[in-house]
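Structure file input.pdb (PDB, C-alpha atoms) follows.
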ATOM      1  CA  MET A 980     -15.366  -5.452   8.962
ATOM      2  CA  GLU A 981     -12.391  -3.276   9.824
ATOM      3  CA  GLU A 982      -8.977  -4.900  10.047
ATOM      4  CA  LYS A 983      -6.328  -3.274  12.237
ATOM      5  CA  ILE A 984      -2.945  -2.913  10.562
ATOM      6  CA  PRO A 985       0.007  -1.826  12.723
ATOM      7  CA  ASN A 986       2.386   0.778  11.287
ATOM      8  CA  GLY A 987       3.711   2.694  14.253
ATOM      9  CA  LYS A 988       0.332   4.281  14.769
ATOM     10  CA  GLU A 989      -2.926   2.441  14.355
ATOM     11  CA  THR A 990      -4.273   2.325  10.817
ATOM     12  CA  THR A 991      -7.426   0.585   9.737
ATOM     13  CA  THR A 992      -8.759  -0.691   6.477
ATOM     14  CA  PRO A 993     -10.830   0.483   4.800
ATOM     15  CA  ALA A 994      -8.825   3.714   4.731
ATOM     16  CA  THR A 995      -9.384   7.004   2.956
ATOM     17  CA  VAL A 996      -6.332   8.111   0.997
ATOM     18  CA  ARG A 997      -5.878  11.841   0.503
ATOM     19  CA  THR A 998      -2.092  12.282   0.209
ATOM     20  CA  VAL A 999       0.638  10.635  -1.859
ATOM     21  CA  PRO A1000       2.432   8.961   1.104
ATOM     22  CA  GLU A1001      -0.701   7.278   2.499
ATOM     23  CA  PRO A1002      -0.867   4.305   0.070
ATOM     24  CA  GLY A1003       2.805   3.637   0.759
ATOM     25  CA  LYS A1004       2.206   3.557   4.511
ATOM     26  CA  LEU A1005      -0.658   1.100   4.012
ATOM     27  CA  VAL A1006       1.553  -1.055   1.778
ATOM     28  CA  GLN A1007       4.335  -0.981   4.365
ATOM     29  CA  ALA A1008       2.001  -1.885   7.233
ATOM     30  CA  THR A1009       0.343  -4.681   5.267
ATOM     31  CA  ARG A1010       3.689  -6.036   4.054
ATOM     32  CA  LYS A1011       5.046  -6.151   7.603
ATOM     33  CA  ALA A1012       1.828  -7.693   8.964
ATOM     34  CA  GLN A1013       2.207 -10.452   6.343
ATOM     35  CA  GLY A1014       5.850 -10.997   7.282
ATOM     36  CA  LEU A1015       7.186  -9.877   3.901
ATOM     37  CA  THR A1016      10.303  -7.855   3.136
ATOM     38  CA  GLN A1017      10.553  -5.075   0.577
ATOM     39  CA  VAL A1018      12.788  -7.344  -1.495
ATOM     40  CA  GLY A1019      10.229 -10.147  -1.233
ATOM     41  CA  VAL A1020       7.347  -7.967  -2.398
ATOM     42  CA  ALA A1021       9.447  -6.582  -5.239
ATOM     43  CA  GLY A1022      10.369 -10.091  -6.352
ATOM     44  CA  LEU A1023       6.796 -11.358  -6.189
ATOM     45  CA  ALA A1024       5.609  -8.334  -8.183
ATOM     46  CA  GLY A1025       8.436  -8.603 -10.707
ATOM     47  CA  PHE A1026       9.787  -5.127  -9.877
ATOM     48  CA  GLY A1027      13.089  -3.858  -8.564
ATOM     49  CA  ASN A1028      13.425  -3.283  -4.833
ATOM     50  CA  ARG A1029      13.822   0.468  -5.451
ATOM     51  CA  PHE A1030      10.177   0.684  -6.561
ATOM     52  CA  VAL A1031       8.873  -0.713  -3.256
ATOM     53  CA  VAL A1032      11.184   1.596  -1.292
ATOM     54  CA  ASP A1033       9.950   4.608  -3.291
ATOM     55  CA  LEU A1034       6.308   3.561  -2.874
ATOM     56  CA  GLU A1035       6.627   3.199   0.885
ATOM     57  CA  ARG A1036       8.404   6.562   1.128
ATOM     58  CA  GLY A1037       5.615   8.308  -0.786
ATOM     59  CA  LYS A1038       7.504   9.271  -3.947
ATOM     60  CA  GLU A1039       5.179  11.522  -5.921
ATOM     61  CA  THR A1040       6.173  10.309  -9.400
ATOM     62  CA  ILE A1041       5.517   6.604  -8.777
ATOM     63  CA  GLN A1042       3.890   4.572 -11.571
ATOM     64  CA  MET A1043       0.204   4.052 -10.810
ATOM     65  CA  GLN A1044      -0.121   0.643 -12.502
ATOM     66  CA  LYS A1045       2.749  -0.701 -10.433
ATOM     67  CA  VAL A1046       1.104   0.652  -7.264
ATOM     68  CA  LEU A1047      -2.116  -1.121  -8.210
ATOM     69  CA  ASP A1048      -0.158  -4.325  -8.885
ATOM     70  CA  VAL A1049       1.489  -4.207  -5.437
ATOM     71  CA  LEU A1050      -1.851  -3.475  -3.730
ATOM     72  CA  ASP A1051      -3.393  -6.464  -5.505
ATOM     73  CA  LEU A1052      -0.441  -8.661  -4.573
ATOM     74  CA  LEU A1053      -0.945  -7.768  -0.892
ATOM     75  CA  GLY A1054      -4.692  -8.418  -1.068
ATOM     76  CA  LEU A1055      -5.759  -4.763  -1.031
ATOM     77  CA  ASP A1056      -8.388  -3.196  -3.337
ATOM     78  CA  VAL A1057      -8.877   0.359  -4.529
ATOM     79  CA  THR A1058     -12.401   1.782  -4.574
ATOM     80  CA  ILE A1059     -13.216   5.258  -5.836
ATOM     81  CA  ARG A1060     -16.450   6.851  -4.687
ATOM     82  CA  ARG A1061     -17.980  10.275  -4.230
ATOM     83  CA  LYS A1062     -17.221  11.941  -0.928
ATOM     84  CA  GLY A1063     -19.882  11.198   1.632
ATOM     85  CA  GLU A1064     -21.055   7.982  -0.071
ATOM     86  CA  ARG A1065     -20.495   4.626   1.548
TER      87      ARG A1065
END

Would you give me this structure, written as structure tokens?
Amino acid sequence: MEEKIPNGKETTTPATVRTVPEPGKLVQATRKAQGLTQVGVAGLAGFGNRFVVDLERGKETIQMQKVLDVLDLLGLDVTIRRKGER
């Protein structure tokens, strides 16, 4: 089942991520849909607010484990598959 997540333009999950900024946009949309602030997510994850800001802005040198932790916190999963497979 696809869930619509507002973020200025319509984004759906599941989503295919192909660029560095895309996970950040999904995090931002999900955070806002859940009524959370950047500071709130950072606090819940045990990170500084700067990390969430950098993630949502698509910083290319972001720490992967922290990204995975924030995705998990927001109820999002990461699945890696071969192109064309479902």

Open item on the list: Tell me which residues come within 12 Å of (9.4, -7.7, -0.3), as a ChimeraX atom specification, counting all atoms listed in the file in the file's coordinates.
Closed with: /A:1006-1007,1009-1032,1034-1035,1049,1052-1053

Per-axis box centre and lengths in Å around region 1032-1041 of chain A, 5 Å margin per side, axis-aligned, as JSON:
{"center_x": 8.2, "center_y": 6.6, "center_z": -4.1, "size_x": 16.0, "size_y": 19.9, "size_z": 20.5}

Open item on the list: Can you pull out the residues contacting Val1057 (chain A)? Cut-off 9 Å, using only C-alpha atoms, and skip same-chain residues under 6 positions away; I want them as a PyMOL selection string.
Closed with: chain A and resi 1047+1050-1051

Open item on the list: To one decimal place in Å, what is the distance between CA of Lys1045 (chain A) and CA of Gly1063 (chain A)?
Closed with: 28.3 Å

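Picture a line from CA of Pro1000 (chain A) to CA of Gln1042 (chain A); it runs 13.5 Å.
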
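CA of Thr992 (chain A) is found 11.5 Å from CA of Gly1054 (chain A).
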
Can you pull out every residue within 12 Å of Lys1062 (chain A), counting only C-alpha atoms, but drop anything in the same chain fewer than 4 positions away, and send it as a compact mmCIF listing (two decimals) with C-alpha atoms, keeping the file's coordinate frame?
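So part.txt came out as:
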# COMPACT_ATOMS: atom_id res chain seq x y z
CA THR A 995 -9.38 7.00 2.96
CA VAL A 996 -6.33 8.11 1.00
CA ARG A 997 -5.88 11.84 0.50
CA THR A 1058 -12.40 1.78 -4.57

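Distances here use only C-alpha atoms; by that measure, the residue among A:Asp1033, A:Val999, A:Thr1040, A:Leu1005 closest to Leu1055 (chain A) is A:Leu1005.
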
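Closest approach to Asp1056 (chain A) among A:Lys1004, A:Met1043, A:Arg1036, A:Pro993 is made by A:Pro993 (distances from only C-alpha atoms).
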
Keeping C-alpha atoms (and nothing else), can you write region 1007-1043 of chain A of this structure as a PDB file, in the first residue's frame?
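Contents of result34.pdb, freshly written:
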ATOM      1  CA  GLN A1007      11.629  16.002   6.161  1.00  0.00           C
ATOM      2  CA  ALA A1008       8.228  15.078   4.721  1.00  0.00           C
ATOM      3  CA  THR A1009       7.736  12.229   7.186  1.00  0.00           C
ATOM      4  CA  ARG A1010       8.869  14.361  10.130  1.00  0.00           C
ATOM      5  CA  LYS A1011       6.416  17.116   9.212  1.00  0.00           C
ATOM      6  CA  ALA A1012       3.588  14.625   8.596  1.00  0.00           C
ATOM      7  CA  GLN A1013       4.201  13.272  12.120  1.00  0.00           C
ATOM      8  CA  GLY A1014       4.189  16.777  13.589  1.00  0.00           C
ATOM      9  CA  LEU A1015       7.829  16.639  14.684  1.00  0.00           C
ATOM     10  CA  THR A1016      10.433  19.398  14.612  1.00  0.00           C
ATOM     11  CA  GLN A1017      14.052  18.985  13.577  1.00  0.00           C
ATOM     12  CA  VAL A1018      15.032  19.592  17.198  1.00  0.00           C
ATOM     13  CA  GLY A1019      12.543  16.952  18.341  1.00  0.00           C
ATOM     14  CA  VAL A1020      13.858  14.313  15.949  1.00  0.00           C
ATOM     15  CA  ALA A1021      17.440  15.135  16.895  1.00  0.00           C
ATOM     16  CA  GLY A1022      16.610  14.792  20.582  1.00  0.00           C
ATOM     17  CA  LEU A1023      14.770  11.504  20.126  1.00  0.00           C
ATOM     18  CA  ALA A1024      17.680  10.134  18.081  1.00  0.00           C
ATOM     19  CA  GLY A1025      20.296  11.426  20.514  1.00  0.00           C
ATOM     20  CA  PHE A1026      21.968  13.624  17.873  1.00  0.00           C
ATOM     21  CA  GLY A1027      22.580  17.335  17.578  1.00  0.00           C
ATOM     22  CA  ASN A1028      20.083  19.407  15.619  1.00  0.00           C
ATOM     23  CA  ARG A1029      22.770  20.173  13.011  1.00  0.00           C
ATOM     24  CA  PHE A1030      22.731  16.528  11.881  1.00  0.00           C
ATOM     25  CA  VAL A1031      19.005  16.608  11.056  1.00  0.00           C
ATOM     26  CA  VAL A1032      19.411  19.937   9.245  1.00  0.00           C
ATOM     27  CA  ASP A1033      22.305  18.521   7.193  1.00  0.00           C
ATOM     28  CA  LEU A1034      20.370  15.328   6.421  1.00  0.00           C
ATOM     29  CA  GLU A1035      17.323  17.223   5.201  1.00  0.00           C
ATOM     30  CA  ARG A1036      19.509  19.510   3.076  1.00  0.00           C
ATOM     31  CA  GLY A1037      21.194  16.537   1.397  1.00  0.00           C
ATOM     32  CA  LYS A1038      24.730  16.951   2.742  1.00  0.00           C
ATOM     33  CA  GLU A1039      26.873  14.452   0.864  1.00  0.00           C
ATOM     34  CA  THR A1040      29.192  13.538   3.754  1.00  0.00           C
ATOM     35  CA  ILE A1041      26.454  12.557   6.220  1.00  0.00           C
ATOM     36  CA  GLN A1042      27.042   9.506   8.440  1.00  0.00           C
ATOM     37  CA  MET A1043      25.121   6.526   7.074  1.00  0.00           C
TER      38      MET A1043
END
